[in-house]
Amino acid sequence: QKVYDKYACWCEKTTARKAAAITDAQEALRAYGQTILSLKGKVAMLSSEIEALAEGIEANKAAQEEATAIRQKENAAYMAETTETKTALAALEKAVEVLVKATTPKKEKEGAALLQAATEAKAAMKTVISALPTNTGLSMDRVAQLTAFMQETSHEKYMPQSFTVQGILTDMYDTFASDLESATRDEAAANTKFEDYIAVKTEELKLMEADKQKKEGEKAEAEVRLADTQEMYDDTVAQKEADIKFFDETTKACEAKHEEWTLRSSLREEEIAGIVKALEILTSDEARELFASSIKAGKEVGASDAYDTGRDITPSFMQI
């Protein structure tokens with residue numbers, strides 16, 4: 001009975017402990033499951049945000065590259081235009097100087113001297129025309145006057161045409177100088193605008209890259225937590241299944257032992273009850289009388305007379 005009681009106590013405590021462990025595992029699995037769902041959502045959200053930031057970073061860099069290419073193209077055009085304009089200004093200045101010199105009244109400027117001055121003036125004019133920008137915007141009248149001056153061979157007409165050409169060239173010089181100044185201002189303004197734009201884009205790029213790096217760190221941390229939580233979830237599931245299996249096997253074994261002990265106890269009780277009943281029968285008055293009448297005093301039934309001791313054993317036997 002003591003052995004069975006110890007076994008029954010072990011069964012009760014063990015199954016109770018395993019049942020509690022199974023309940024705790026179910027609660028832990030619920031908590032792990034919620035954490036896993038939350039972390040998966042966080043990882044997905046961060047992945048989306050990182051992808052958007054990556055696209056923004058690429059777009060920012062592309063915008064900067066495009067703006068830089070446009071600015072370089074504009075600056076190259078400006079440099080080419082200003083170089084051409086400066087060349088034309090130098091040629092115009094030289095031509096005006098030659099024309100003024102050629103038309104300065106001097107007594108000695110006659111004949112060969114005047115011819116030489118005219119030749120130099122025409123050469124200066126050719127230099128001017130070759131140096132003029134393609135978009136000079138000269139009117140047809142002025143073009144005709146310049147052409148006529150260069151083709152004129154008459155010394156009488158040279159002086160009047162020379163003064164006219166000087167006026168045209170001076171006007172052209174002033175226009176080119178003004179255009180150059182305006183182009184320089186526009187270039188400076190465009191460059192300032194470009195630098196401001198690049199500064200803004202650079203700051204935006206810096207912020208996006210920092211934000212992307214931060215979110216990548218958060219994502220990595222979330223993924224580590226997710227992996228750890230998933231591992232704990234899987235371990236808990238395995239332990240729960242092992243506990244359920246052990247609980248079922250232990251419960252089955254304990255129930256079988258209980259049934260076995262119950263049957264054994266029942267049989268033992270029946271056996272004891274039979275012995276008690278037999279003793280009641282054997283020790284009853286009827287049994288005493290029967291034994292007294294059936295057994296010769298001092299001699300067992302069927303015993304040889306040689307074993308007769310002459311002693312009365314009836315009282316001793318009847319005490320059984």
# chains A, B, ... in the order shown; residues from 1 in each chain; ligands from 1
>>> residues_around(residues="A:Ala256", least_positions_apart="6", cutoff="12 Å", atoms="only C-alpha atoms", output="PyMOL selection string")
chain A and resi 8+11+249-250+262-263
>>> write_last_selection(atoms="C-alpha atoms", output="compact mmCIF listing (two decimals), in the first residue's frame")
# COMPACT_ATOMS: atom_id res chain seq x y z
CA ALA A 8 0.05 7.67 -6.86
CA CYS A 11 1.58 10.56 -10.66
CA GLU A 249 1.85 8.44 -21.44
CA THR A 250 2.14 9.14 -17.71
CA THR A 262 -8.05 -1.39 -7.57
CA LEU A 263 -8.53 -4.92 -8.91
>>> atom_distance(atom1="atom CA of A:Ala16", atom2="atom CA of A:Asp243")
11.4 Å
>>> residues_around(residues="stretch 23-33 of chain A", least_positions_apart="3", cutoff="12 Å", atoms="only C-alpha atoms", output="ChimeraX atom specification")
/A:16-20,36-40,225-244
>>> write_last_selection(atoms="N, CA and C atoms", output="PDB file, in the first residue's frame")
ATOM      1  N   ALA A  16       0.338  17.124 -12.755  1.00  0.00           N
ATOM      2  CA  ALA A  16      -0.019  18.517 -12.454  1.00  0.00           C
ATOM      3  C   ALA A  16       1.070  19.469 -12.950  1.00  0.00           C
ATOM      4  N   ARG A  17       2.319  19.061 -12.725  1.00  0.00           N
ATOM      5  CA  ARG A  17       3.434  19.891 -13.179  1.00  0.00           C
ATOM      6  C   ARG A  17       3.473  19.988 -14.703  1.00  0.00           C
ATOM      7  N   LYS A  18       3.236  18.867 -15.370  1.00  0.00           N
ATOM      8  CA  LYS A  18       3.242  18.869 -16.833  1.00  0.00           C
ATOM      9  C   LYS A  18       2.051  19.653 -17.386  1.00  0.00           C
ATOM     10  N   ALA A  19       0.908  19.537 -16.727  1.00  0.00           N
ATOM     11  CA  ALA A  19      -0.272  20.294 -17.176  1.00  0.00           C
ATOM     12  C   ALA A  19      -0.009  21.792 -17.064  1.00  0.00           C
ATOM     13  N   ALA A  20       0.634  22.193 -15.969  1.00  0.00           N
ATOM     14  CA  ALA A  20       0.980  23.611 -15.794  1.00  0.00           C
ATOM     15  C   ALA A  20       1.990  24.053 -16.850  1.00  0.00           C
ATOM     16  N   ILE A  36       6.071  37.899 -33.093  1.00  0.00           N
ATOM     17  CA  ILE A  36       6.522  37.557 -34.441  1.00  0.00           C
ATOM     18  C   ILE A  36       5.749  38.343 -35.490  1.00  0.00           C
ATOM     19  N   LEU A  37       4.421  38.416 -35.324  1.00  0.00           N
ATOM     20  CA  LEU A  37       3.608  39.181 -36.271  1.00  0.00           C
ATOM     21  C   LEU A  37       3.996  40.657 -36.262  1.00  0.00           C
ATOM     22  N   SER A  38       4.211  41.178 -35.060  1.00  0.00           N
ATOM     23  CA  SER A  38       4.598  42.591 -34.938  1.00  0.00           C
ATOM     24  C   SER A  38       5.946  42.849 -35.606  1.00  0.00           C
ATOM     25  N   LEU A  39       6.915  41.963 -35.360  1.00  0.00           N
ATOM     26  CA  LEU A  39       8.247  42.144 -35.938  1.00  0.00           C
ATOM     27  C   LEU A  39       8.227  41.966 -37.459  1.00  0.00           C
ATOM     28  N   LYS A  40       7.433  41.038 -37.949  1.00  0.00           N
ATOM     29  CA  LYS A  40       7.321  40.860 -39.399  1.00  0.00           C
ATOM     30  C   LYS A  40       6.746  42.117 -40.043  1.00  0.00           C
ATOM     31  N   ARG A 225      15.833  40.055 -33.738  1.00  0.00           N
ATOM     32  CA  ARG A 225      14.792  39.756 -32.741  1.00  0.00           C
ATOM     33  C   ARG A 225      13.781  38.760 -33.290  1.00  0.00           C
ATOM     34  N   LEU A 226      13.430  38.936 -34.562  1.00  0.00           N
ATOM     35  CA  LEU A 226      12.473  38.022 -35.190  1.00  0.00           C
ATOM     36  C   LEU A 226      13.033  36.602 -35.242  1.00  0.00           C
ATOM     37  N   ALA A 227      14.301  36.477 -35.620  1.00  0.00           N
ATOM     38  CA  ALA A 227      14.921  35.155 -35.687  1.00  0.00           C
ATOM     39  C   ALA A 227      14.985  34.509 -34.299  1.00  0.00           C
ATOM     40  N   ASP A 228      15.361  35.310 -33.284  1.00  0.00           N
ATOM     41  CA  ASP A 228      15.434  34.783 -31.913  1.00  0.00           C
ATOM     42  C   ASP A 228      14.056  34.367 -31.418  1.00  0.00           C
ATOM     43  N   THR A 229      13.065  35.214 -31.663  1.00  0.00           N
ATOM     44  CA  THR A 229      11.698  34.908 -31.213  1.00  0.00           C
ATOM     45  C   THR A 229      11.156  33.680 -31.929  1.00  0.00           C
ATOM     46  N   GLN A 230      11.436  33.571 -33.228  1.00  0.00           N
ATOM     47  CA  GLN A 230      10.982  32.408 -33.986  1.00  0.00           C
ATOM     48  C   GLN A 230      11.633  31.130 -33.453  1.00  0.00           C
ATOM     49  N   GLU A 231      12.917  31.241 -33.097  1.00  0.00           N
ATOM     50  CA  GLU A 231      13.608  30.080 -32.530  1.00  0.00           C
ATOM     51  C   GLU A 231      12.989  29.684 -31.187  1.00  0.00           C
ATOM     52  N   MET A 232      12.708  30.686 -30.339  1.00  0.00           N
ATOM     53  CA  MET A 232      12.069  30.388 -29.057  1.00  0.00           C
ATOM     54  C   MET A 232      10.676  29.800 -29.263  1.00  0.00           C
ATOM     55  N   TYR A 233       9.965  30.298 -30.276  1.00  0.00           N
ATOM     56  CA  TYR A 233       8.635  29.768 -30.584  1.00  0.00           C
ATOM     57  C   TYR A 233       8.733  28.294 -30.981  1.00  0.00           C
ATOM     58  N   ASP A 234       9.680  27.996 -31.880  1.00  0.00           N
ATOM     59  CA  ASP A 234       9.848  26.605 -32.338  1.00  0.00           C
ATOM     60  C   ASP A 234      10.270  25.694 -31.184  1.00  0.00           C
ATOM     61  N   ASP A 235      11.175  26.185 -30.323  1.00  0.00           N
ATOM     62  CA  ASP A 235      11.612  25.389 -29.172  1.00  0.00           C
ATOM     63  C   ASP A 235      10.451  25.134 -28.217  1.00  0.00           C
ATOM     64  N   THR A 236       9.632  26.157 -28.022  1.00  0.00           N
ATOM     65  CA  THR A 236       8.485  26.015 -27.119  1.00  0.00           C
ATOM     66  C   THR A 236       7.473  25.026 -27.677  1.00  0.00           C
ATOM     67  N   VAL A 237       7.264  25.076 -28.991  1.00  0.00           N
ATOM     68  CA  VAL A 237       6.353  24.113 -29.635  1.00  0.00           C
ATOM     69  C   VAL A 237       6.869  22.686 -29.440  1.00  0.00           C
ATOM     70  N   ALA A 238       8.173  22.503 -29.661  1.00  0.00           N
ATOM     71  CA  ALA A 238       8.761  21.165 -29.493  1.00  0.00           C
ATOM     72  C   ALA A 238       8.643  20.687 -28.047  1.00  0.00           C
ATOM     73  N   GLN A 239       8.926  21.591 -27.080  1.00  0.00           N
ATOM     74  CA  GLN A 239       8.839  21.216 -25.675  1.00  0.00           C
ATOM     75  C   GLN A 239       7.393  20.926 -25.282  1.00  0.00           C
ATOM     76  N   LYS A 240       6.472  21.714 -25.803  1.00  0.00           N
ATOM     77  CA  LYS A 240       5.055  21.491 -25.503  1.00  0.00           C
ATOM     78  C   LYS A 240       4.609  20.132 -26.020  1.00  0.00           C
ATOM     79  N   GLU A 241       5.001  19.802 -27.243  1.00  0.00           N
ATOM     80  CA  GLU A 241       4.633  18.503 -27.813  1.00  0.00           C
ATOM     81  C   GLU A 241       5.228  17.366 -26.994  1.00  0.00           C
ATOM     82  N   ALA A 242       6.477  17.545 -26.526  1.00  0.00           N
ATOM     83  CA  ALA A 242       7.115  16.514 -25.688  1.00  0.00           C
ATOM     84  C   ALA A 242       6.387  16.399 -24.356  1.00  0.00           C
ATOM     85  N   ASP A 243       5.997  17.555 -23.772  1.00  0.00           N
ATOM     86  CA  ASP A 243       5.274  17.541 -22.499  1.00  0.00           C
ATOM     87  C   ASP A 243       3.904  16.882 -22.645  1.00  0.00           C
ATOM     88  N   ILE A 244       3.221  17.168 -23.769  1.00  0.00           N
ATOM     89  CA  ILE A 244       1.903  16.548 -23.999  1.00  0.00           C
ATOM     90  C   ILE A 244       2.050  15.030 -24.136  1.00  0.00           C
TER      91      ILE A 244
END
